[in-house]
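Trainee: Quick one: this structure, given as structure tokens, is what I'll be asking you about.
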Amino acid sequence: MILAYIGSGALLAALVMGGFATLLSFWAGRQENAVMIQVGRRAFYAVAAMVVVASAVLETALLTHDFSIAYVVEHTDLSTATPLVAAAFYGGQEGSLLYWTLILCVLGSASLLASAALGLRLSAYAAGILAATATFFLVVLVLVASPFDVLSLTPPDGLGLNPVLRDGGMLIHPPVVLAGFASFAIPFSFAAAALLANRSDAAWIAHTRRFALLAWTLQSAGLVLGMWWAYHVLGWGGYWGWDPVENVALMPWLATTAYLHSSQVQERRGRLRAWNFGLVILAFLLVVFGTFIVRSGVVPSVHTFAVSAIGPWFFAFLFICIVFSGLLLALRAGGLKSTREPAAAVSREGTFVLQNLLLIGVVVVVLWGTILPLVSGLFGQERVVGASYYERAAGPLLVGVLALMAAGPLLPWRKAGKQAGRALRWPVAAAFVTLALMLAAGVRFVPALVTMPIAGAVLATCAVEFARAMARGRRQAGWANMFAPLARRRRRYGAYLAHVGLVVVVVGVAASHFWQLEKDVTLRPGQQVSIGGYTLTYSGSDQRQLADHSELVAAMSFGDQTLEPARATYAGLGGQSLTHVAISTTATADLYVILVGTSADGSASFRVLVNPLVSWIWAGAIVIILGVVLGNVGERAPVRAPALVPVRAAS
């Protein structure tokens, strides 16, 4: 019980200090009082320290099985493995909110350490916005959803972790995706601070670029890890179902993808200032909206928490953020307009702008599909869209984005003119070669004949850029230094490596979607089923008792391998059952076997799938992250825009 008091006290102290840091930072920034700005910043560091203490206390309570705390009882039991007990920290609603706050405070503190170089007012306003955001979460943690509530009677054991969460994926997916969500607050805080401070230069972009990349990378990893977890745990044969919670995790990633490209235009050419502010703000608003969807339970999803008192708080916070951001953009809109001529359509700037518009189009499509049940429910009849809506509405837009990835890097910044055809000859040739090979192989499915050639074109563009850089290095310093240009401009070529990884992901998604094979069968022991070149023999089933659950295991053999799909039952959790999928993975396909059920006569029903190139999705994601890391570790990107550009208030 003493741990609960310490944890609650730490959160209360953090709340008080957070409110103090918010008010002081805004006041000191307005006055440009350097001493008080520093005090406000240190107050935010104190908030972070108290949140770290509260987090350590909760983790200690979980690992020591302190069942006097309600959260520990609700999410662990004595039979749960220690790693999963530790992971219960973010497994429940209250703990995940504390984890969200922890990441926000730690990354926010890191972003503020060097913020003084941006100027007194901007750095102070950024600290104030970060402190205000943290204070909101602390209000919820203290008043509405405390992870340190104490039970009147201490039970001998807990209720245990949800069976779906009793998996290794619990150790990697939730903390990564939650950290990604929290990270979006950093660029937002500095963008809003720049507007408040009457600054429209790219200094805030340079300062927060790594945090924007960190948020994007964490969200990328979180999305793919979620796909992998759904693929091997949920037992439905897929990895992305356009679930509302999947959608709300995807939308800020799309907005930030657009921002990371358009920010280059502002850094290089001084354009798209208002657009970049809008994209960063949009990404954060989508994060808050997504958190509201997950926490409120207003939209049915396998990922959401139960309906609780938290929902109205997040809705109010979302409303405040929308009003604050909208007024701020409206106030500064007049001074954010570019005085230069519009960029040529056929140029690198033009492709970035069009790519941004397509990505925002995808956000609109996904957002509408997500909120349609809420909107339609207001008029009496709730409507829900399926995967076909997203594929038909968002698919062409995403293919357009992919095509621009092939063209954009090869076009000059200002105007391509007659040089465009020559610049694009290699990706166009690669697309035609890919198309010819697919037609020769007998492929006639139009979406595949469109997507795969464009993916080949993107790969050719990346290859051309790498080849040109290495040729330049060889000419300048010989064969021994042919890779020197890649190292000198690793930010650029790291991005191309990330593009290569994205192509690999796209090919994996397209192949597993277009050419998936599926068969439902009922077999007696000794009978076989053939699918996609695989022949499986059912050997029989067996009941096994493990430490915390029992399993009905079926044996399916092919070649020298044996797959054991199973159905697990957790008696201690009210008899909840869970599918354990059996997967055999190769570089070309996954053999995916689901045990549907067994009968008294010894027969068993199975769903057998062959999913081509699924492993390419996971491999491509690793390449993307590798490209981002290699391209930015130690890289210093100069700010090409003027150091100080005041924003004129709209008249």
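Ordered as shown in the structure tokens, chains take letters A, B, and onward, while each chain numbers its residues from 1 and ligands are numbered from 1 in the order shown.
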Identify, on the basis of only C-alpha atoms, every residue whose closest approach to Ala621 of chain A does not exceed 10 Å; exclude the query and any residue fewer than 2 positions from it along the same chain; express the result as number ranges by chain.

Mentor: A: 217, 220-221, 223-225, 498, 500-505, 616-619, 623-627

Trainee: What would the file look like if the residues just selected were written as a PDB file, in the first residue's frame with C-alpha atoms?

Mentor:
ATOM      1  CA  THR A 217       9.972   5.899 -37.259  1.00  0.00           C
ATOM      2  CA  SER A 220       6.238   3.008 -38.682  1.00  0.00           C
ATOM      3  CA  ALA A 221       7.670   0.325 -36.426  1.00  0.00           C
ATOM      4  CA  LEU A 223       2.272  -0.145 -37.307  1.00  0.00           C
ATOM      5  CA  VAL A 224       4.333  -3.007 -38.727  1.00  0.00           C
ATOM      6  CA  LEU A 225       4.707  -4.690 -35.335  1.00  0.00           C
ATOM      7  CA  ALA A 498      14.044   3.931 -46.806  1.00  0.00           C
ATOM      8  CA  VAL A 500      13.813   0.823 -51.146  1.00  0.00           C
ATOM      9  CA  GLY A 501      12.412  -0.633 -47.932  1.00  0.00           C
ATOM     10  CA  LEU A 502       9.005   0.834 -48.707  1.00  0.00           C
ATOM     11  CA  VAL A 503       9.083  -0.800 -52.152  1.00  0.00           C
ATOM     12  CA  VAL A 504       9.792  -4.145 -50.488  1.00  0.00           C
ATOM     13  CA  VAL A 505       6.847  -3.592 -48.139  1.00  0.00           C
ATOM     14  CA  TRP A 616       8.913  -9.128 -47.324  1.00  0.00           C
ATOM     15  CA  ILE A 617       6.704  -6.793 -45.284  1.00  0.00           C
ATOM     16  CA  TRP A 618       8.712  -7.377 -42.120  1.00  0.00           C
ATOM     17  CA  ALA A 619      12.032  -7.264 -43.987  1.00  0.00           C
ATOM     18  CA  VAL A 623      15.197  -1.602 -44.243  1.00  0.00           C
ATOM     19  CA  ILE A 624      13.049   1.527 -43.800  1.00  0.00           C
ATOM     20  CA  ILE A 625      14.151   1.977 -40.201  1.00  0.00           C
ATOM     21  CA  LEU A 626      17.766   1.238 -41.132  1.00  0.00           C
ATOM     22  CA  GLY A 627      17.615   3.919 -43.816  1.00  0.00           C
TER      23      GLY A 627
END

Trainee: Counting only C-alpha atoms, what is within 9 Å of Phe190 of chain A, bar same-chain residues fewer than 2 positions away, as a count of residues only?

Mentor: 19

Trainee: Which residue out of A:Leu595, A:Val346, A:Leu58, A:Ala587 has the minimum interatomic distance to Met556 of chain A when only C-alpha atoms are used?

Mentor: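 Comparing A:Leu595, A:Val346, A:Leu58, A:Ala587 against Met556 of chain A, the winner is A:Leu595.
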
Trainee: Applying 8 Å and only C-alpha atoms, which residues near Val385 of chain A remain after dropping the ones on its own chain fewer than 3 positions away? List them as a list in words.

Mentor: Gly369, Leu372, Ser388 and Tyr389 of chain A

Trainee: Produce a file of the selected residues containing N, CA, C and O atoms, as a PDB file, in the first residue's frame.

Mentor:
ATOM      1  N   GLY A 369     -14.081   6.953 -43.214  1.00  0.00           N
ATOM      2  CA  GLY A 369     -14.468   5.575 -42.939  1.00  0.00           C
ATOM      3  C   GLY A 369     -14.483   5.259 -41.455  1.00  0.00           C
ATOM      4  O   GLY A 369     -15.288   4.445 -40.987  1.00  0.00           O
ATOM      5  N   LEU A 372     -17.574   7.349 -39.765  1.00  0.00           N
ATOM      6  CA  LEU A 372     -18.901   7.135 -40.343  1.00  0.00           C
ATOM      7  C   LEU A 372     -19.880   6.492 -39.359  1.00  0.00           C
ATOM      8  O   LEU A 372     -21.047   6.907 -39.291  1.00  0.00           O
ATOM      9  N   SER A 388     -13.272  -3.126 -48.527  1.00  0.00           N
ATOM     10  CA  SER A 388     -13.400  -2.769 -49.943  1.00  0.00           C
ATOM     11  C   SER A 388     -13.490  -1.253 -50.132  1.00  0.00           C
ATOM     12  O   SER A 388     -12.981  -0.717 -51.127  1.00  0.00           O
ATOM     13  N   TYR A 389     -14.119  -0.553 -49.192  1.00  0.00           N
ATOM     14  CA  TYR A 389     -14.202   0.912 -49.290  1.00  0.00           C
ATOM     15  C   TYR A 389     -12.805   1.526 -49.275  1.00  0.00           C
ATOM     16  O   TYR A 389     -12.473   2.383 -50.112  1.00  0.00           O
TER      17      TYR A 389
END

Trainee: Excluding Trp253 of chain A and any residue of its chain fewer than 4 positions from it, enumerate the residues within 10 Å of it, using only C-alpha atoms, and give them as a PDB file with all heavy atoms, in the first residue's frame.

Mentor:
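File result.pdb, as written:
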ATOM      1  N   GLY A 180       5.366   6.379 -30.179  1.00  0.00           N
ATOM      2  CA  GLY A 180       5.183   7.139 -31.402  1.00  0.00           C
ATOM      3  C   GLY A 180       4.108   8.199 -31.237  1.00  0.00           C
ATOM      4  O   GLY A 180       4.290   9.358 -31.626  1.00  0.00           O
ATOM      5  N   PHE A 181       2.978   7.813 -30.644  1.00  0.00           N
ATOM      6  CA  PHE A 181       1.901   8.778 -30.405  1.00  0.00           C
ATOM      7  C   PHE A 181       2.399   9.952 -29.562  1.00  0.00           C
ATOM      8  O   PHE A 181       2.134  11.115 -29.884  1.00  0.00           O
ATOM      9  CB  PHE A 181       0.731   8.087 -29.694  1.00  0.00           C
ATOM     10  CG  PHE A 181      -0.353   7.625 -30.622  1.00  0.00           C
ATOM     11  CD1 PHE A 181      -0.050   6.994 -31.810  1.00  0.00           C
ATOM     12  CD2 PHE A 181      -1.682   7.823 -30.306  1.00  0.00           C
ATOM     13  CE1 PHE A 181      -1.056   6.577 -32.673  1.00  0.00           C
ATOM     14  CE2 PHE A 181      -2.707   7.413 -31.158  1.00  0.00           C
ATOM     15  CZ  PHE A 181      -2.380   6.783 -32.346  1.00  0.00           C
ATOM     16  N   PHE A 184       4.689  12.776 -31.284  1.00  0.00           N
ATOM     17  CA  PHE A 184       4.140  13.788 -32.182  1.00  0.00           C
ATOM     18  C   PHE A 184       3.912  15.118 -31.472  1.00  0.00           C
ATOM     19  O   PHE A 184       3.782  16.163 -32.126  1.00  0.00           O
ATOM     20  CB  PHE A 184       2.817  13.297 -32.783  1.00  0.00           C
ATOM     21  CG  PHE A 184       2.984  12.253 -33.854  1.00  0.00           C
ATOM     22  CD1 PHE A 184       2.716  10.920 -33.590  1.00  0.00           C
ATOM     23  CD2 PHE A 184       3.421  12.603 -35.116  1.00  0.00           C
ATOM     24  CE1 PHE A 184       2.864   9.949 -34.569  1.00  0.00           C
ATOM     25  CE2 PHE A 184       3.577  11.648 -36.104  1.00  0.00           C
ATOM     26  CZ  PHE A 184       3.306  10.314 -35.836  1.00  0.00           C
ATOM     27  N   ALA A 215       9.277  10.274 -34.244  1.00  0.00           N
ATOM     28  CA  ALA A 215       7.850   9.957 -34.172  1.00  0.00           C
ATOM     29  C   ALA A 215       7.433   9.113 -35.366  1.00  0.00           C
ATOM     30  O   ALA A 215       6.710   8.123 -35.224  1.00  0.00           O
ATOM     31  CB  ALA A 215       7.028  11.244 -34.113  1.00  0.00           C
ATOM     32  N   TRP A 216       7.883   9.504 -36.559  1.00  0.00           N
ATOM     33  CA  TRP A 216       7.523   8.776 -37.778  1.00  0.00           C
ATOM     34  C   TRP A 216       8.088   7.356 -37.747  1.00  0.00           C
ATOM     35  O   TRP A 216       7.403   6.395 -38.116  1.00  0.00           O
ATOM     36  CB  TRP A 216       8.065   9.528 -38.990  1.00  0.00           C
ATOM     37  CG  TRP A 216       7.659   8.945 -40.304  1.00  0.00           C
ATOM     38  CD1 TRP A 216       6.533   9.214 -41.020  1.00  0.00           C
ATOM     39  CD2 TRP A 216       8.395   7.977 -41.076  1.00  0.00           C
ATOM     40  NE1 TRP A 216       6.516   8.483 -42.184  1.00  0.00           N
ATOM     41  CE2 TRP A 216       7.639   7.717 -42.245  1.00  0.00           C
ATOM     42  CE3 TRP A 216       9.603   7.323 -40.898  1.00  0.00           C
ATOM     43  CZ2 TRP A 216       8.063   6.822 -43.228  1.00  0.00           C
ATOM     44  CZ3 TRP A 216      10.030   6.434 -41.872  1.00  0.00           C
ATOM     45  CH2 TRP A 216       9.265   6.195 -43.015  1.00  0.00           C
ATOM     46  N   THR A 217       9.343   7.223 -37.304  1.00  0.00           N
ATOM     47  CA  THR A 217       9.972   5.899 -37.259  1.00  0.00           C
ATOM     48  C   THR A 217       9.301   5.005 -36.229  1.00  0.00           C
ATOM     49  O   THR A 217       9.041   3.818 -36.484  1.00  0.00           O
ATOM     50  CB  THR A 217      11.471   6.038 -36.939  1.00  0.00           C
ATOM     51  OG1 THR A 217      12.091   6.898 -37.901  1.00  0.00           O
ATOM     52  CG2 THR A 217      12.166   4.686 -36.972  1.00  0.00           C
ATOM     53  N   LEU A 218       9.033   5.543 -35.048  1.00  0.00           N
ATOM     54  CA  LEU A 218       8.345   4.758 -34.021  1.00  0.00           C
ATOM     55  C   LEU A 218       6.965   4.336 -34.496  1.00  0.00           C
ATOM     56  O   LEU A 218       6.552   3.191 -34.286  1.00  0.00           O
ATOM     57  CB  LEU A 218       8.229   5.571 -32.734  1.00  0.00           C
ATOM     58  CG  LEU A 218       9.502   5.761 -31.916  1.00  0.00           C
ATOM     59  CD1 LEU A 218       9.291   6.771 -30.809  1.00  0.00           C
ATOM     60  CD2 LEU A 218       9.977   4.432 -31.331  1.00  0.00           C
ATOM     61  N   GLN A 219       6.259   5.275 -35.162  1.00  0.00           N
ATOM     62  CA  GLN A 219       4.933   4.926 -35.650  1.00  0.00           C
ATOM     63  C   GLN A 219       5.017   3.895 -36.766  1.00  0.00           C
ATOM     64  O   GLN A 219       4.169   2.999 -36.853  1.00  0.00           O
ATOM     65  CB  GLN A 219       4.213   6.187 -36.139  1.00  0.00           C
ATOM     66  CG  GLN A 219       2.708   6.054 -36.226  1.00  0.00           C
ATOM     67  CD  GLN A 219       2.051   5.961 -34.853  1.00  0.00           C
ATOM     68  OE1 GLN A 219       2.717   5.967 -33.824  1.00  0.00           O
ATOM     69  NE2 GLN A 219       0.741   5.854 -34.836  1.00  0.00           N
ATOM     70  N   SER A 220       6.034   4.012 -37.628  1.00  0.00           N
ATOM     71  CA  SER A 220       6.238   3.008 -38.682  1.00  0.00           C
ATOM     72  C   SER A 220       6.463   1.637 -38.065  1.00  0.00           C
ATOM     73  O   SER A 220       5.833   0.638 -38.456  1.00  0.00           O
ATOM     74  CB  SER A 220       7.439   3.386 -39.558  1.00  0.00           C
ATOM     75  OG  SER A 220       7.262   4.636 -40.175  1.00  0.00           O
ATOM     76  N   LEU A 223       3.259   0.357 -36.356  1.00  0.00           N
ATOM     77  CA  LEU A 223       2.272  -0.145 -37.307  1.00  0.00           C
ATOM     78  C   LEU A 223       2.643  -1.536 -37.808  1.00  0.00           C
ATOM     79  O   LEU A 223       1.806  -2.441 -37.858  1.00  0.00           O
ATOM     80  CB  LEU A 223       2.150   0.825 -38.488  1.00  0.00           C
ATOM     81  CG  LEU A 223       1.423   2.145 -38.206  1.00  0.00           C
ATOM     82  CD1 LEU A 223       1.634   3.123 -39.355  1.00  0.00           C
ATOM     83  CD2 LEU A 223      -0.060   1.913 -37.981  1.00  0.00           C
ATOM     84  N   VAL A 248      -6.599   4.991 -36.887  1.00  0.00           N
ATOM     85  CA  VAL A 248      -6.164   6.202 -36.177  1.00  0.00           C
ATOM     86  C   VAL A 248      -4.663   6.188 -35.918  1.00  0.00           C
ATOM     87  O   VAL A 248      -4.067   7.250 -35.684  1.00  0.00           O
ATOM     88  CB  VAL A 248      -6.944   6.392 -34.856  1.00  0.00           C
ATOM     89  CG1 VAL A 248      -8.432   6.552 -35.131  1.00  0.00           C
ATOM     90  CG2 VAL A 248      -6.690   5.260 -33.879  1.00  0.00           C
ATOM     91  N   ALA A 249      -4.048   5.027 -35.950  1.00  0.00           N
ATOM     92  CA  ALA A 249      -2.589   4.972 -35.866  1.00  0.00           C
ATOM     93  C   ALA A 249      -1.950   5.295 -37.210  1.00  0.00           C
ATOM     94  O   ALA A 249      -0.839   5.829 -37.270  1.00  0.00           O
ATOM     95  CB  ALA A 249      -2.139   3.593 -35.388  1.00  0.00           C
ATOM     96  N   THR A 257       4.399  11.805 -42.864  1.00  0.00           N
ATOM     97  CA  THR A 257       5.100  11.461 -44.103  1.00  0.00           C
ATOM     98  C   THR A 257       5.048  12.640 -45.065  1.00  0.00           C
ATOM     99  O   THR A 257       6.053  13.007 -45.698  1.00  0.00           O
ATOM    100  CB  THR A 257       4.465  10.227 -44.760  1.00  0.00           C
ATOM    101  OG1 THR A 257       4.528   9.121 -43.861  1.00  0.00           O
ATOM    102  CG2 THR A 257       5.190   9.863 -46.046  1.00  0.00           C
ATOM    103  N   ALA A 258       3.871  13.249 -45.185  1.00  0.00           N
ATOM    104  CA  ALA A 258       3.738  14.437 -46.036  1.00  0.00           C
ATOM    105  C   ALA A 258       4.629  15.564 -45.527  1.00  0.00           C
ATOM    106  O   ALA A 258       5.329  16.233 -46.311  1.00  0.00           O
ATOM    107  CB  ALA A 258       2.280  14.877 -46.075  1.00  0.00           C
ATOM    108  N   TYR A 259       4.648  15.777 -44.212  1.00  0.00           N
ATOM    109  CA  TYR A 259       5.447  16.865 -43.641  1.00  0.00           C
ATOM    110  C   TYR A 259       6.940  16.667 -43.870  1.00  0.00           C
ATOM    111  O   TYR A 259       7.670  17.618 -44.208  1.00  0.00           O
ATOM    112  CB  TYR A 259       5.150  16.985 -42.146  1.00  0.00           C
ATOM    113  CG  TYR A 259       6.195  17.765 -41.390  1.00  0.00           C
ATOM    114  CD1 TYR A 259       6.310  19.139 -41.565  1.00  0.00           C
ATOM    115  CD2 TYR A 259       7.084  17.123 -40.536  1.00  0.00           C
ATOM    116  CE1 TYR A 259       7.283  19.856 -40.890  1.00  0.00           C
ATOM    117  CE2 TYR A 259       8.052  17.833 -39.860  1.00  0.00           C
ATOM    118  CZ  TYR A 259       8.156  19.195 -40.045  1.00  0.00           C
ATOM    119  OH  TYR A 259       9.127  19.905 -39.392  1.00  0.00           O
ATOM    120  N   ALA A 283      -1.117  16.371 -37.693  1.00  0.00           N
ATOM    121  CA  ALA A 283      -0.634  15.092 -37.165  1.00  0.00           C
ATOM    122  C   ALA A 283      -0.930  14.966 -35.677  1.00  0.00           C
ATOM    123  O   ALA A 283      -1.385  13.916 -35.203  1.00  0.00           O
ATOM    124  CB  ALA A 283       0.873  14.951 -37.425  1.00  0.00           C
ATOM    125  N   LEU A 286      -4.641  14.499 -35.042  1.00  0.00           N
ATOM    126  CA  LEU A 286      -5.030  13.120 -35.346  1.00  0.00           C
ATOM    127  C   LEU A 286      -4.603  12.166 -34.234  1.00  0.00           C
ATOM    128  O   LEU A 286      -5.296  11.182 -33.957  1.00  0.00           O
ATOM    129  CB  LEU A 286      -4.417  12.696 -36.681  1.00  0.00           C
ATOM    130  CG  LEU A 286      -5.027  13.360 -37.927  1.00  0.00           C
ATOM    131  CD1 LEU A 286      -4.191  13.044 -39.159  1.00  0.00           C
ATOM    132  CD2 LEU A 286      -6.473  12.906 -38.138  1.00  0.00           C
ATOM    133  N   VAL A 287      -3.477  12.463 -33.598  1.00  0.00           N
ATOM    134  CA  VAL A 287      -3.048  11.649 -32.453  1.00  0.00           C
ATOM    135  C   VAL A 287      -4.043  11.789 -31.304  1.00  0.00           C
ATOM    136  O   VAL A 287      -4.447  10.794 -30.685  1.00  0.00           O
ATOM    137  CB  VAL A 287      -1.631  12.068 -32.001  1.00  0.00           C
ATOM    138  CG1 VAL A 287      -1.322  11.517 -30.615  1.00  0.00           C
ATOM    139  CG2 VAL A 287      -0.587  11.582 -32.997  1.00  0.00           C
ATOM    140  N   LEU A 359      -1.510  12.261 -50.125  1.00  0.00           N
ATOM    141  CA  LEU A 359      -1.442  11.690 -48.775  1.00  0.00           C
ATOM    142  C   LEU A 359      -2.559  12.245 -47.887  1.00  0.00           C
ATOM    143  O   LEU A 359      -3.178  11.501 -47.119  1.00  0.00           O
ATOM    144  CB  LEU A 359      -0.075  11.983 -48.153  1.00  0.00           C
ATOM    145  CG  LEU A 359       1.098  11.162 -48.702  1.00  0.00           C
ATOM    146  CD1 LEU A 359       2.428  11.727 -48.220  1.00  0.00           C
ATOM    147  CD2 LEU A 359       0.970   9.697 -48.284  1.00  0.00           C
ATOM    148  N   VAL A 363      -5.712  10.454 -45.908  1.00  0.00           N
ATOM    149  CA  VAL A 363      -6.135  10.749 -44.536  1.00  0.00           C
ATOM    150  C   VAL A 363      -7.639  11.021 -44.490  1.00  0.00           C
ATOM    151  O   VAL A 363      -8.354  10.515 -43.611  1.00  0.00           O
ATOM    152  CB  VAL A 363      -5.355  11.956 -43.971  1.00  0.00           C
ATOM    153  CG1 VAL A 363      -5.952  12.404 -42.633  1.00  0.00           C
ATOM    154  CG2 VAL A 363      -3.883  11.611 -43.787  1.00  0.00           C
TER     155      VAL A 363
END

Trainee: Looking at only C-alpha atoms, which of A:Pro427, A:Gly326, A:Gly361, A:Pro83 is the one that sits closest to Asp167 of chain A?

Mentor: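 Between A:Pro427, A:Gly326, A:Gly361, A:Pro83, the residue approaching Asp167 of chain A most closely is A:Pro83.
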
Trainee: Which residue out of A:Gln419, A:Val507, A:Val633, A:Gly386 has the minimum interatomic distance to Pro373 of chain A when only C-alpha atoms are used?

Mentor: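 So, comparing all the options, the nearest one is A:Gly386.
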
Trainee: One number please: atom CA of Asn247 of chain A to atom CA of Ala568 of chain A, in Å, one decimal.

Mentor: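 For atom CA of Asn247 of chain A relative to atom CA of Ala568 of chain A, the distance reads 29.1 Å.
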
Trainee: Taking 3 positions as the minimum chain separation for residues in the same chain, which residues sit within 10 Å of Ala86 of chain A when counting only C-alpha atoms? Answer as a list in words.

Mentor: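 The filter keeps Leu58, Glu59, Thr60, Ala61, Leu62, Leu63, Thr76, Thr80, Ala81, Thr82, Pro83, Phe89, Tyr90, Gly91 and Leu171 of chain A.
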
Trainee: For the atom pair atom CA of Asp201 of chain A and atom CA of Ser25 of chain A, what is the interatomic distance in Å to one decimal place?

Mentor: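 The value is 21.7 Å.
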
Trainee: Might you pull out every residue within 12 Å of Val458 of chain A, with only C-alpha atoms counted and same-chain residues fewer than 2 positions away left off, and present them as a PyMOL selection string?

Mentor: chain A and resi 399-410+424+426-431+434+451-456+460-465+496-504+506-507

Trainee: Can you work out which one of A:Val294, A:Ala4, A:Val323, A:Val353 has the shortest atom-to-atom distance to Leu272 of chain A, counting only C-alpha atoms?

Mentor: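 Among A:Val294, A:Ala4, A:Val323, A:Val353, it is A:Val353 that comes nearest to Leu272 of chain A.
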
Trainee: Can you pull out every residue within 7 Å of Phe292 of chain A, counting only C-alpha atoms, but drop anything in the same chain fewer than 6 positions away, and send it as a tab-separated table (two decimals) with all heavy atoms, in the first residue's frame?

Mentor:
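As written to disk, around37.tsv reads:
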chain	number	residue	atom	x	y	z
A	311	GLY	N	-13.29	9.22	-21.79
A	311	GLY	CA	-13.69	9.70	-23.11
A	311	GLY	C	-14.02	11.18	-23.16
A	311	GLY	O	-13.47	11.92	-23.99
A	314	PHE	N	-10.92	13.49	-23.04
A	314	PHE	CA	-10.14	13.56	-24.27
A	314	PHE	C	-10.90	14.30	-25.36
A	314	PHE	O	-10.29	14.97	-26.20
A	314	PHE	CB	-9.74	12.16	-24.72
A	314	PHE	CG	-8.47	11.68	-24.11
A	314	PHE	CD1	-8.48	10.87	-22.99
A	314	PHE	CD2	-7.25	12.06	-24.63
A	314	PHE	CE1	-7.31	10.45	-22.40
A	314	PHE	CE2	-6.06	11.65	-24.05
A	314	PHE	CZ	-6.09	10.84	-22.94
A	315	PHE	N	-12.21	14.18	-25.37
A	315	PHE	CA	-12.99	14.94	-26.35
A	315	PHE	C	-12.84	16.43	-26.09
A	315	PHE	O	-12.68	17.23	-27.03
A	315	PHE	CB	-14.46	14.53	-26.28
A	315	PHE	CG	-15.31	15.19	-27.32
A	315	PHE	CD1	-15.30	14.76	-28.63
A	315	PHE	CD2	-16.12	16.27	-26.97
A	315	PHE	CE1	-16.08	15.38	-29.60
A	315	PHE	CE2	-16.90	16.90	-27.93
A	315	PHE	CZ	-16.88	16.46	-29.25

Trainee: Work out how far apart atom CA of Ala131 of chain A and atom CA of Leu104 of chain A are and give it in Å to one decimal.

Mentor: 9.6 Å

Trainee: For the interface of segment 94-169 of chain A with segment 580-583 of chain A (cut-off 12 Å, counting only C-alpha atoms), please tabulate each contacting residue of segment 94-169 of chain A alongside its nearest pair of atoms and their separation in Å to one decimal, rows sorted by chain and increasing number, as JSON lines.

Mentor:
{"residue": "A:Pro163", "atom": "CA", "partner": "A:His580", "partner_atom": "CA", "distance": 10.9}
{"residue": "A:Val164", "atom": "CA", "partner": "A:His580", "partner_atom": "CA", "distance": 10.1}
{"residue": "A:Arg166", "atom": "CA", "partner": "A:His580", "partner_atom": "CA", "distance": 11.4}
{"residue": "A:Asp167", "atom": "CA", "partner": "A:His580", "partner_atom": "CA", "distance": 10.4}

Trainee: Which of these residues is nearest to Gly128 of chain A, using only C-alpha atoms: A:Ser605, A:Ser189, A:Gln516, A:Ser615?

Mentor: A:Ser189

Trainee: So which one's closest to Asp520 of chain A, A:Val593, A:Val608, A:Leu449, A:Val443? Using only C-alpha atoms, please.

Mentor: A:Val608
